[in-house]
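File shown here: entry29.txt, holding compact mmCIF, C-alpha atoms.
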```txt
# COMPACT_ATOMS: atom_id res chain seq x y z
CA MET T 583 43.28 -24.23 -20.92
CA ASP T 584 45.62 -26.88 -19.47
CA SER T 585 49.13 -27.54 -20.76
CA LEU T 586 47.94 -30.22 -23.18
CA GLY T 587 45.28 -27.88 -24.53
CA VAL T 588 47.88 -25.16 -25.01
CA MET T 589 50.17 -27.55 -26.87
CA ASN T 590 47.44 -28.73 -29.23
CA PHE T 591 46.35 -25.14 -29.81
CA VAL T 592 49.92 -24.08 -30.62
CA MET T 593 50.41 -27.04 -32.96
CA ALA T 594 47.19 -26.20 -34.81
CA ILE T 595 48.37 -22.60 -35.28
CA GLU T 596 51.77 -23.86 -36.46
CA ASP T 597 50.11 -26.10 -39.04
CA PHE T 598 47.77 -23.37 -40.24
CA TYR T 599 50.50 -20.76 -40.76
CA ASP T 600 53.22 -23.28 -41.71
CA ILE T 601 55.57 -22.07 -38.96
CA SER T 602 57.28 -23.55 -35.89
CA ILE T 603 57.06 -21.45 -32.73
CA PRO T 604 60.18 -22.16 -30.62
CA LEU T 605 59.56 -23.14 -26.97
CA ASP T 606 61.08 -19.97 -25.51
CA ARG T 607 58.77 -17.84 -27.65
CA ILE T 608 55.75 -19.83 -26.54
CA ALA T 609 56.77 -19.12 -22.93
CA GLN T 610 56.81 -15.37 -23.62
CA ILE T 611 53.31 -15.27 -25.08
CA GLN T 612 50.76 -13.97 -22.55
CA THR T 613 48.08 -12.25 -24.59
CA VAL T 614 46.36 -12.75 -27.94
CA SER T 615 48.25 -9.74 -29.24
CA ASP T 616 51.59 -11.37 -28.18
CA LEU T 617 50.55 -14.42 -30.16
CA ILE T 618 49.67 -12.37 -33.25
CA HIS T 619 53.05 -10.60 -33.08
CA ALA T 620 54.90 -13.91 -32.73
CA VAL T 621 53.06 -15.43 -35.70
CA GLU T 622 53.66 -12.31 -37.83
CA ASP T 623 57.38 -12.27 -36.93
CA LEU T 624 57.80 -15.94 -37.75
CA ARG T 625 55.87 -15.65 -41.00
CA SER T 626 57.98 -12.76 -42.21
CA GLY T 627 61.09 -14.70 -41.24
CA THR T 628 62.24 -12.12 -38.69
CA PRO T 629 64.41 -13.88 -36.13
CA GLU T 630 63.53 -13.36 -32.43
CA MET R 277 53.06 -16.93 3.09
CA THR R 278 56.51 -18.36 2.58
CA ILE R 279 58.89 -18.22 -0.34
CA LEU R 280 57.29 -21.47 -1.56
CA ALA R 281 53.77 -19.99 -1.72
CA LYS R 282 54.21 -19.64 -5.49
CA HIS R 283 53.79 -23.42 -5.68
CA ALA R 284 50.38 -23.38 -4.00
CA ALA R 285 48.71 -25.32 -6.82
CA GLN R 286 51.31 -28.11 -6.69
CA ARG R 287 51.04 -28.12 -2.90
CA LEU R 288 47.35 -29.02 -3.20
CA VAL R 289 48.17 -31.91 -5.55
CA TYR R 290 50.91 -33.11 -3.21
CA ASP R 291 48.66 -32.97 -0.16
CA ALA R 292 45.86 -34.78 -1.99
CA LEU R 293 48.20 -37.59 -3.09
CA HIS R 294 49.72 -37.76 0.39
CA SER R 295 46.29 -38.13 1.97
CA HIS R 296 45.54 -40.99 -0.45
CA GLY R 297 48.65 -42.73 0.85
CA VAL R 298 50.24 -43.00 -2.57
CA ASP R 299 53.73 -42.02 -1.46
CA VAL R 300 55.44 -45.36 -1.13
CA ARG R 301 58.22 -46.25 1.28
CA PHE R 302 59.56 -49.77 1.04
CA ASP R 303 60.24 -51.35 4.45
CA SER R 304 62.80 -53.48 2.66
CA VAL R 305 63.52 -54.79 -0.81
CA LEU R 306 64.04 -58.55 -0.86
CA SER R 307 64.93 -59.26 -4.49
CA PRO R 308 64.54 -57.69 -7.94
CA THR R 309 60.89 -58.74 -7.86
CA GLU R 310 59.79 -58.66 -4.22
CA GLY R 311 59.75 -56.18 -1.37
CA MET R 312 58.07 -55.54 1.97
CA LEU R 313 55.52 -52.74 1.89
CA ASN R 314 53.41 -51.84 4.93
CA GLY R 315 54.52 -55.12 6.47
CA ARG R 316 53.32 -57.15 3.51
CA ARG R 317 55.29 -59.21 0.99
CA THR R 318 54.66 -57.47 -2.33
CA ILE R 319 55.43 -58.24 -5.97
CA LEU R 320 57.41 -55.39 -7.54
CA LEU R 321 56.07 -54.69 -11.00
CA GLY R 322 57.20 -51.11 -11.45
CA THR R 323 60.94 -50.76 -10.86
CA ASN R 324 62.48 -50.55 -14.39
CA ASN R 325 64.73 -53.43 -13.29
CA TYR R 326 64.57 -54.95 -16.77
CA LEU R 327 67.30 -57.59 -16.47
CA GLY R 328 66.79 -58.10 -12.73
CA LEU R 329 70.51 -57.65 -11.95
CA THR R 330 70.22 -55.56 -8.75
CA PHE R 331 70.79 -58.62 -6.55
CA ASP R 332 73.10 -60.48 -8.92
CA ALA R 333 75.79 -62.18 -6.81
CA ALA R 334 78.65 -61.35 -9.20
CA CYS R 335 77.61 -57.68 -9.49
CA ILE R 336 77.38 -57.40 -5.68
CA ASP R 337 80.79 -59.09 -5.23
CA LYS R 338 82.42 -56.67 -7.67
CA ALA R 339 80.82 -53.69 -5.91
CA VAL R 340 81.94 -54.90 -2.47
CA GLU R 341 85.46 -55.66 -3.68
CA ALA R 342 85.83 -52.22 -5.31
CA THR R 343 84.38 -50.45 -2.28
CA ARG R 344 86.79 -52.26 0.06
CA SER R 345 89.83 -51.58 -2.11
CA GLN R 346 89.01 -48.06 -3.34
CA GLY R 347 86.59 -46.57 -0.86
CA THR R 348 82.97 -45.48 -0.76
CA GLY R 349 83.29 -42.43 -2.99
CA THR R 350 85.68 -40.52 -5.22
CA THR R 351 84.97 -37.19 -3.51
CA GLY R 352 85.69 -35.35 -6.72
CA SER R 353 84.83 -34.49 -10.28
CA ARG R 354 86.02 -36.42 -13.31
CA VAL R 355 88.11 -33.43 -14.40
CA ALA R 356 89.84 -33.15 -10.99
CA ASN R 357 90.52 -36.10 -8.66
CA GLY R 358 87.50 -38.22 -9.67
CA THR R 359 88.82 -40.28 -12.60
CA TYR R 360 89.87 -43.79 -11.56
CA ASP R 361 90.88 -46.76 -13.65
CA GLY R 362 87.32 -48.12 -13.36
CA HIS R 363 85.73 -45.06 -15.01
CA VAL R 364 88.02 -45.42 -18.01
CA LYS R 365 87.41 -49.20 -18.18
CA LEU R 366 83.66 -48.62 -18.10
CA GLU R 367 83.89 -46.05 -20.90
CA ASP R 368 86.01 -48.47 -22.97
CA ALA R 369 83.49 -51.27 -22.34
CA LEU R 370 80.56 -49.09 -23.43
CA ALA R 371 82.36 -47.92 -26.58
CA ASP R 372 83.16 -51.54 -27.39
CA PHE R 373 79.57 -52.69 -26.75
CA TYR R 374 78.14 -50.07 -29.10
CA GLY R 375 80.98 -50.37 -31.64
CA ARG R 376 81.80 -46.66 -31.29
CA GLU R 377 85.01 -44.72 -30.92
CA HIS R 378 84.12 -42.73 -27.82
CA ALA R 379 82.17 -42.98 -24.58
CA MET R 380 81.62 -40.70 -21.64
CA VAL R 381 80.16 -41.67 -18.27
CA PHE R 382 77.98 -39.34 -16.15
CA SER R 383 76.87 -39.62 -12.53
CA THR R 384 73.18 -39.98 -13.49
CA GLY R 385 71.19 -40.47 -16.69
CA TYR R 386 69.50 -37.13 -16.08
CA GLN R 387 72.90 -35.42 -16.07
CA ALA R 388 73.91 -37.24 -19.26
CA ASN R 389 71.00 -35.66 -21.13
CA LEU R 390 71.55 -32.30 -19.48
CA GLY R 391 75.25 -32.32 -20.36
CA ILE R 392 75.12 -33.75 -23.85
CA LEU R 393 72.16 -31.72 -25.14
CA SER R 394 73.52 -28.44 -23.77
CA ALA R 395 76.97 -29.18 -25.25
CA LEU R 396 75.72 -30.22 -28.71
CA VAL R 397 73.29 -27.37 -29.30
CA GLY R 398 74.55 -23.80 -28.95
CA ARG R 399 73.24 -20.37 -29.82
CA GLY R 400 71.94 -20.30 -33.37
CA ASP R 401 71.44 -24.09 -33.52
CA HIS R 402 68.11 -25.90 -33.62
CA LEU R 403 66.99 -28.69 -31.31
CA LEU R 404 64.04 -30.78 -32.51
CA LEU R 405 62.39 -32.71 -29.67
CA ASP R 406 59.63 -35.27 -29.70
CA ALA R 407 56.78 -33.62 -27.77
CA ASP R 408 56.62 -36.56 -25.32
CA SER R 409 60.31 -36.33 -24.41
CA HIS R 410 61.47 -37.10 -20.87
CA ALA R 411 61.95 -34.18 -18.47
CA SER R 412 65.76 -34.59 -18.64
CA ILE R 413 65.63 -33.85 -22.38
CA TYR R 414 63.48 -30.76 -21.90
CA ASP R 415 65.74 -29.59 -19.08
CA GLY R 416 68.85 -30.22 -21.21
CA SER R 417 67.30 -28.13 -23.96
CA ARG R 418 66.92 -25.24 -21.50
CA LEU R 419 70.51 -25.50 -20.28
CA GLY R 420 71.76 -25.00 -23.85
CA HIS R 421 71.13 -21.84 -25.81
CA GLY R 422 69.70 -23.25 -29.01
CA GLU R 423 66.22 -22.78 -30.41
CA VAL R 424 63.92 -25.59 -29.25
CA ILE R 425 61.16 -26.90 -31.49
CA ARG R 426 58.76 -29.70 -30.59
CA PHE R 427 57.39 -32.12 -33.13
CA ARG R 428 54.32 -34.34 -32.73
CA HIS R 429 55.05 -37.52 -30.82
CA ASN R 430 56.40 -40.25 -33.11
CA SER R 431 55.53 -38.32 -36.28
CA PRO R 432 58.35 -38.36 -38.87
CA ASP R 433 56.08 -36.27 -41.15
CA ASP R 434 55.71 -33.50 -38.60
CA LEU R 435 59.47 -33.64 -37.94
CA TYR R 436 60.16 -33.36 -41.66
CA LYS R 437 57.80 -30.40 -41.99
CA ARG R 438 59.59 -28.56 -39.20
CA LEU R 439 63.03 -29.23 -40.64
CA ARG R 440 61.81 -28.03 -44.03
CA ARG R 441 60.64 -24.77 -42.43
CA LEU R 442 64.20 -24.31 -41.16
CA SER R 443 65.78 -24.72 -44.58
CA GLY R 444 68.12 -21.86 -45.35
CA ALA R 445 68.48 -20.91 -41.67
CA PRO R 446 72.06 -21.11 -40.35
CA GLY R 447 73.04 -23.44 -37.49
CA ASP R 448 73.14 -27.17 -36.80
CA ARG R 449 70.01 -29.25 -36.32
CA LEU R 450 69.79 -32.01 -33.72
CA ILE R 451 66.85 -34.44 -33.59
CA VAL R 452 66.23 -36.11 -30.22
CA VAL R 453 64.05 -39.21 -29.78
CA GLU R 454 63.78 -42.05 -27.26
CA GLY R 455 64.13 -45.77 -27.94
CA ILE R 456 61.17 -46.72 -25.74
CA TYR R 457 59.01 -43.98 -24.24
CA SER R 458 58.81 -44.43 -20.49
CA MET R 459 55.09 -43.98 -19.92
CA LEU R 460 53.33 -45.98 -22.66
CA GLY R 461 56.20 -48.26 -23.68
CA ASP R 462 55.94 -47.31 -27.35
CA THR R 463 59.03 -47.20 -29.60
CA ALA R 464 60.07 -44.40 -31.95
CA PRO R 465 59.62 -45.03 -35.73
CA LEU R 466 63.40 -44.82 -36.01
CA LYS R 467 63.83 -46.03 -39.61
CA GLU R 468 61.58 -43.24 -40.85
CA ILE R 469 63.16 -40.67 -38.54
CA ALA R 470 66.63 -41.72 -39.77
CA ALA R 471 65.45 -41.19 -43.35
CA VAL R 472 64.29 -37.65 -42.47
CA LYS R 473 67.63 -37.05 -40.79
CA ARG R 474 69.57 -38.12 -43.89
CA GLU R 475 67.44 -36.06 -46.22
CA THR R 476 67.67 -32.88 -44.15
CA GLY R 477 71.30 -33.12 -43.02
CA ALA R 478 70.41 -33.07 -39.33
CA TYR R 479 72.17 -34.94 -36.51
CA LEU R 480 70.32 -37.65 -34.61
CA LEU R 481 70.49 -38.52 -30.89
CA VAL R 482 68.62 -41.51 -29.44
CA ASP R 483 68.02 -41.91 -25.71
CA GLU R 484 68.07 -45.67 -25.14
CA ALA R 485 67.40 -45.45 -21.37
CA HIS R 486 64.47 -47.90 -21.48
CA SER R 487 65.62 -49.90 -24.53
CA MET R 488 69.23 -50.82 -23.69
CA GLY R 489 69.30 -54.50 -22.77
CA VAL R 490 65.70 -54.73 -23.98
CA LEU R 491 65.69 -54.31 -27.79
CA GLY R 492 68.05 -55.60 -30.49
CA GLU R 493 69.78 -58.93 -30.99
CA LYS R 494 72.76 -57.74 -28.92
CA GLY R 495 70.67 -55.62 -26.54
CA ARG R 496 72.02 -52.33 -27.85
CA GLY R 497 68.53 -50.88 -28.14
CA LEU R 498 66.16 -49.51 -30.76
CA ALA R 499 68.87 -48.27 -33.14
CA GLU R 500 70.16 -51.83 -33.40
CA ALA R 501 66.67 -53.35 -33.66
CA ALA R 502 65.69 -50.89 -36.43
CA GLY R 503 68.98 -51.45 -38.28
CA VAL R 504 69.90 -47.75 -38.35
CA GLU R 505 72.88 -47.55 -35.98
CA ASP R 506 74.99 -45.84 -38.65
CA ASP R 507 72.47 -42.99 -38.82
CA VAL R 508 72.48 -42.38 -35.08
CA ASP R 509 75.23 -39.88 -34.23
CA PHE R 510 74.84 -39.99 -30.44
CA ILE R 511 73.39 -42.59 -28.11
CA VAL R 512 72.56 -41.64 -24.53
CA GLY R 513 71.67 -44.20 -21.90
CA THR R 514 71.49 -45.00 -18.22
CA PHE R 515 72.85 -47.57 -15.77
CA SER R 516 69.81 -47.32 -13.53
CA LYS R 517 67.54 -49.64 -15.47
CA SER R 518 68.91 -52.73 -17.24
CA LEU R 519 72.30 -52.42 -15.51
CA GLY R 520 70.80 -52.13 -12.02
CA SER R 521 72.92 -49.32 -10.58
CA VAL R 522 72.96 -45.56 -11.24
CA GLY R 523 74.70 -43.32 -13.78
CA GLY R 524 74.46 -42.30 -17.41
CA PHE R 525 76.53 -42.36 -20.57
CA CYS R 526 76.90 -41.15 -24.13
CA VAL R 527 78.65 -42.95 -27.03
CA SER R 528 79.52 -41.56 -30.46
CA ASN R 529 82.00 -41.63 -33.34
CA ASP R 530 82.30 -37.85 -33.44
CA PRO R 531 86.06 -37.12 -33.74
CA ASP R 532 85.77 -34.10 -31.41
CA PHE R 533 83.83 -36.05 -28.77
CA ASP R 534 86.38 -35.65 -25.96
CA VAL R 535 86.07 -31.86 -25.94
CA MET R 536 82.76 -32.43 -24.15
CA ARG R 537 84.74 -33.39 -21.04
CA ILE R 538 85.54 -29.70 -20.56
CA VAL R 539 82.30 -28.35 -22.03
CA CYS R 540 79.55 -30.40 -20.32
CA ARG R 541 78.96 -28.68 -17.01
CA PRO R 542 76.85 -31.55 -15.56
CA TYR R 543 79.94 -33.75 -16.16
CA MET R 544 82.50 -31.32 -14.78
CA PHE R 545 80.83 -29.87 -11.73
CA THR R 546 79.67 -32.97 -9.91
CA ALA R 547 81.36 -35.91 -8.18
CA SER R 548 82.08 -38.96 -10.35
CA LEU R 549 80.45 -42.34 -9.72
CA PRO R 550 81.71 -44.25 -6.65
CA PRO R 551 84.01 -47.24 -7.37
CA GLY R 552 81.40 -49.74 -6.17
CA VAL R 553 78.82 -48.44 -8.65
CA VAL R 554 81.34 -48.48 -11.50
CA ALA R 555 82.37 -52.05 -10.69
CA SER R 556 78.84 -53.47 -10.50
CA THR R 557 77.88 -51.63 -13.71
CA LEU R 558 80.84 -53.12 -15.57
CA GLU R 559 79.86 -56.60 -14.41
CA ALA R 560 76.19 -56.01 -15.33
CA LEU R 561 77.23 -54.92 -18.83
CA ARG R 562 79.27 -58.11 -19.16
CA ARG R 563 76.20 -60.12 -18.10
CA LEU R 564 73.99 -58.29 -20.57
CA ARG R 565 76.43 -59.17 -23.38
CA ARG R 566 77.08 -62.76 -22.34
CA GLU R 567 73.55 -63.80 -21.45
CA PRO R 568 70.99 -63.17 -24.17
CA ALA R 569 68.73 -65.51 -22.17
CA LEU R 570 68.08 -62.62 -19.77
CA ARG R 571 66.55 -60.59 -22.57
CA ALA R 572 64.59 -63.59 -23.81
CA SER R 573 62.97 -64.04 -20.34
CA LEU R 574 62.23 -60.33 -20.18
CA ILE R 575 60.45 -60.34 -23.52
CA ARG R 576 58.56 -63.52 -22.65
CA ASN R 577 57.33 -61.96 -19.38
CA ALA R 578 56.42 -58.69 -21.12
CA HIS R 579 54.32 -60.49 -23.72
CA ARG R 580 52.59 -62.61 -21.08
CA LEU R 581 51.60 -59.56 -19.04
CA TYR R 582 50.66 -57.39 -22.03
CA HIS R 583 48.52 -59.99 -23.77
CA GLY R 584 47.00 -61.14 -20.48
CA LEU R 585 45.85 -57.62 -19.59
CA GLU R 586 44.66 -56.98 -23.13
CA ALA R 587 42.63 -60.20 -23.14
CA MET R 588 40.88 -59.11 -19.93
CA GLY R 589 39.78 -55.94 -21.68
CA PHE R 590 42.22 -53.46 -20.19
CA GLN R 591 43.40 -50.68 -22.45
CA THR R 592 47.17 -51.08 -22.81
CA GLY R 593 49.85 -49.18 -24.74
CA PRO R 594 50.38 -49.73 -28.48
CA GLU R 595 53.18 -52.36 -28.29
CA PRO R 596 54.09 -55.29 -26.05
CA ASN R 597 57.31 -54.00 -24.47
CA PRO R 598 58.58 -54.38 -20.87
CA ILE R 599 56.75 -51.16 -19.98
CA VAL R 600 53.08 -52.09 -19.93
CA ALA R 601 50.74 -49.21 -19.16
CA VAL R 602 47.05 -49.59 -18.38
CA ALA R 603 44.89 -46.53 -19.06
CA MET R 604 42.45 -45.43 -16.35
CA PRO R 605 39.37 -43.29 -17.11
CA ASN R 606 40.20 -40.66 -14.45
CA GLN R 607 42.41 -39.92 -11.48
CA GLU R 608 39.89 -41.15 -8.86
CA MET R 609 39.65 -44.56 -10.52
CA ALA R 610 43.43 -44.67 -11.02
CA VAL R 611 44.09 -43.98 -7.33
CA ALA R 612 41.40 -46.42 -6.14
CA PHE R 613 42.65 -49.15 -8.50
CA TRP R 614 46.26 -48.58 -7.51
CA LYS R 615 45.48 -48.75 -3.79
CA LEU R 616 43.55 -52.02 -4.13
CA LEU R 617 46.39 -53.53 -6.18
CA LEU R 618 48.82 -52.55 -3.43
CA GLU R 619 46.57 -53.98 -0.71
CA SER R 620 46.50 -57.20 -2.72
CA GLY R 621 50.32 -57.36 -2.78
CA LEU R 622 51.13 -55.83 -6.16
CA TYR R 623 53.24 -52.69 -6.53
CA LEU R 624 53.39 -50.67 -9.74
CA ASN R 625 53.58 -46.96 -10.66
CA LEU R 626 50.64 -44.60 -10.46
CA ALA R 627 51.32 -42.13 -13.27
CA ILE R 628 49.24 -38.98 -13.48
CA PRO R 629 49.59 -35.69 -15.41
CA PRO R 630 51.87 -33.85 -15.99
CA ALA R 631 54.18 -36.90 -16.06
CA THR R 632 51.97 -38.64 -18.62
CA PRO R 633 51.36 -37.89 -22.32
CA SER R 634 47.93 -36.60 -23.43
CA ASP R 635 47.00 -36.03 -19.75
CA VAL R 636 45.97 -39.67 -19.26
CA CYS R 637 46.10 -41.46 -15.92
CA LEU R 638 48.06 -44.68 -16.07
CA LEU R 639 48.86 -47.73 -14.02
CA ARG R 640 52.39 -48.19 -15.29
CA THR R 641 54.09 -51.53 -14.91
CA SER R 642 57.60 -52.56 -15.86
CA VAL R 643 58.46 -56.22 -16.24
CA SER R 644 61.76 -57.86 -15.27
CA ALA R 645 63.64 -60.87 -16.60
CA ALA R 646 63.69 -61.97 -12.96
CA HIS R 647 59.90 -62.29 -12.66
CA THR R 648 58.74 -65.89 -12.63
CA THR R 649 55.82 -66.97 -14.78
CA ALA R 650 53.93 -67.56 -11.52
CA GLN R 651 54.53 -63.93 -10.45
CA ILE R 652 53.23 -62.61 -13.78
CA ASP R 653 50.16 -64.82 -13.46
CA THR R 654 49.60 -63.67 -9.87
CA ALA R 655 49.82 -60.05 -11.07
CA LEU R 656 47.25 -60.79 -13.79
CA ALA R 657 44.92 -62.46 -11.29
CA ILE R 658 45.18 -59.45 -8.94
CA PHE R 659 44.39 -57.11 -11.85
CA ALA R 660 41.36 -59.23 -12.76
CA ASP R 661 40.13 -59.29 -9.16
CA VAL R 662 40.50 -55.54 -8.59
CA GLY R 663 39.05 -54.82 -12.02
CA GLU R 664 35.97 -56.80 -11.12
CA ARG R 665 35.63 -55.35 -7.62
CA LEU R 666 35.64 -51.84 -9.05
CA GLY R 667 33.21 -52.78 -11.81
CA PHE R 668 35.91 -52.10 -14.34
CA LEU R 669 35.74 -55.47 -16.04
CA SER R 670 32.68 -57.50 -16.80
CA ALA R 671 32.71 -61.12 -15.63
CA ASP R 672 32.44 -62.18 -19.30
CA LYS R 673 35.61 -60.42 -20.23
CA ARG R 674 37.35 -61.87 -17.24
CA ARG R 675 36.44 -65.40 -18.34
CA ALA R 676 37.40 -64.60 -21.92
CA GLY R 677 40.81 -63.56 -20.62
CA GLY R 678 41.24 -67.04 -19.23
CA VAL R 679 42.55 -65.81 -15.92
CA ALA R 680 41.27 -67.74 -12.94
```
Would you put the structure from the file into structure tokens?
Amino acid sequence: MDSLGVMNFVMAIEDFYDISIPLDRIAQIQTVSDLIHAVEDLRSGTPE
Amino acid sequence: MTILAKHAAQRLVYDALHSHGVDVRFDSVLSPTEGMLNGRRTILLGTNNYLGLTFDAACIDKAVEATRSQGTGTTGSRVANGTYDGHVKLEDALADFYGREHAMVFSTGYQANLGILSALVGRGDHLLLDADSHASIYDGSRLGHGEVIRFRHNSPDDLYKRLRRLSGAPGDRLIVVEGIYSMLGDTAPLKEIAAVKRETGAYLLVDEAHSMGVLGEKGRGLAEAAGVEDDVDFIVGTFSKSLGSVGGFCVSNDPDFDVMRIVCRPYMFTASLPPGVVASTLEALRRLRREPALRASLIRNAHRLYHGLEAMGFQTGPEPNPIVAVAMPNQEMAVAFWKLLLESGLYLNLAIPPATPSDVCLLRTSVSAAHTTAQIDTALAIFADVGERLGFLSADKRRAGGVA
């Protein structure tokens, strides 16, 4: 996936879960499991 | 393997572009609208020289005078030996032009964004950036320690949604948008964004780099044109476009503004602008204020080019502004088109990803007040000719466009 694809993918996830994933967190996400953890953290309102 | 091997992918792109001959070196620049390229007299239609003041006799005289009397450089930072009378005069003139209390001048527009964004947004704060923001805005967001959130390009609704998600969280919020976006020439929906700002209690910064001297009755930019100057807390801009020199600035009414002089590292740890640059910039700002006719010519030229290209069937950006971008179907066509334009005596910018939004390839033009109607028409005729040679335009469309 190119950078535009990644951005659209992230925005779709943000819309679906009603969250905003900060840029530095996006940079840390390497695997699907990283992504799941980030979404779970943000949904439960846990900072960082 | 060298230490730069990590950039192997970019190296391939660079080599490919180099082999296409797309790295341009001007033999000489003759005027705001003409230069010599590969021994050929060429129309410059991609230099962001909106008011065409780079060769203005009064601006040159002021620069020469200041250089003779004060030297070629200040050899120091603003906070050490680099503040001269001219720097303070320029800051006063900018504050007066924008009707604000405070102004600060930086050595480049890039540094202005780097310095201001990193100073305004600290740990625990939230920076909300339009997704199509200029690299200097993204880099400024990394130099600060705030949380950075992107919203969909020019979408006040998406911005609102993201601010709503932050409700209850501690920290300041700063929204950053641009007056005119540099690739497609589209403006921000600033009235709507200002409404979101008011409702959510955020601060608003507008980068007027490409809109100063271009939009608004007085040339102050999009905030003036949209009638929302009171809602804009910080305006950032550059001297390297409408004012024809180099440097950046920020203006604001924030009562604590001056603390940024010892907080903004890109202001403190770099040499200040040379006296000649300061002097020509001051004169260019005076010209911008005194001669609304410059802006009128600019807009007239922009409309002529935009509507001319549109009538021929080219796909242009959403609004007729001095940046007129033509979309190309792919990089091969973009490079081929660009090279034929150049061989025909027309220079403009070849813009390819990642510099462009939505990964499109663009032929990006920027119009100047100094272009003559004849030059715009020549540019249109060259576009029509190349478009036809590459099978890009049908002969019908070309006739319909009325360009001979």
| What residues in chain T have any atom no more than 8 Å from chain R when counting only C-alpha atoms, and can you write them as a PyMOL selection string? | chain T and resi 586+600-606
Go ahead and write the residues just picked, C-alpha atoms, as an mmCIF file, in the coordinates of the input.
```
data_model
loop_
_atom_site.group_PDB
_atom_site.id
_atom_site.type_symbol
_atom_site.label_atom_id
_atom_site.label_comp_id
_atom_site.auth_asym_id
_atom_site.auth_seq_id
_atom_site.Cartn_x
_atom_site.Cartn_y
_atom_site.Cartn_z
ATOM 1 C CA LEU T 586 47.940 -30.220 -23.180
ATOM 2 C CA ASP T 600 53.220 -23.280 -41.710
ATOM 3 C CA ILE T 601 55.570 -22.070 -38.960
ATOM 4 C CA SER T 602 57.280 -23.550 -35.890
ATOM 5 C CA ILE T 603 57.060 -21.450 -32.730
ATOM 6 C CA PRO T 604 60.180 -22.160 -30.620
ATOM 7 C CA LEU T 605 59.560 -23.140 -26.970
ATOM 8 C CA ASP T 606 61.080 -19.970 -25.510
#
```
| request: Pick out the closest residue to Gly349 (chain R) from this set: R:Leu480, R:Lys282, R:Val504, R:Ser383. Count only C-alpha atoms. | output: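 Checking each of R:Leu480, R:Lys282, R:Val504, R:Ser383 against Gly349 (chain R), counting only C-alpha atoms, the winner is R:Ser383.
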| message | If we count all atoms listed in the file and set the cut-off at 9 Å, which residues sit around Ile469 (chain R), ignoring sequence neighbours fewer than 6 positions away in its own chain? Please answer as a list in words. | response |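 Near neighbours after the sequence-gap exclusion: Asn430, Ser431, Pro432, Asp433, Leu435, Tyr436, Ile451, Val453 and Leu480 of chain R.
Between CA of Phe613 (chain R) and CA of Gly297 (chain R) lies a distance of 12.8 Å.
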| task | Go through R:His486, R:Arg576, R:Arg541, R:Arg316 and flag the residue nearest Thr514 (chain R), using all atoms listed in the file for the distances. | result | R:His486
| request: Name the residues in contact with Ser412 (chain R) at a cut-off of 12 Å, using all atoms listed in the file, excluding same-chain residues fewer than 2 positions from it; report them as a VMD selection string. | output: chain R and resid 384 to 394 405 408 to 410 414 to 419 452 454 483 485 512 to 514 524 542
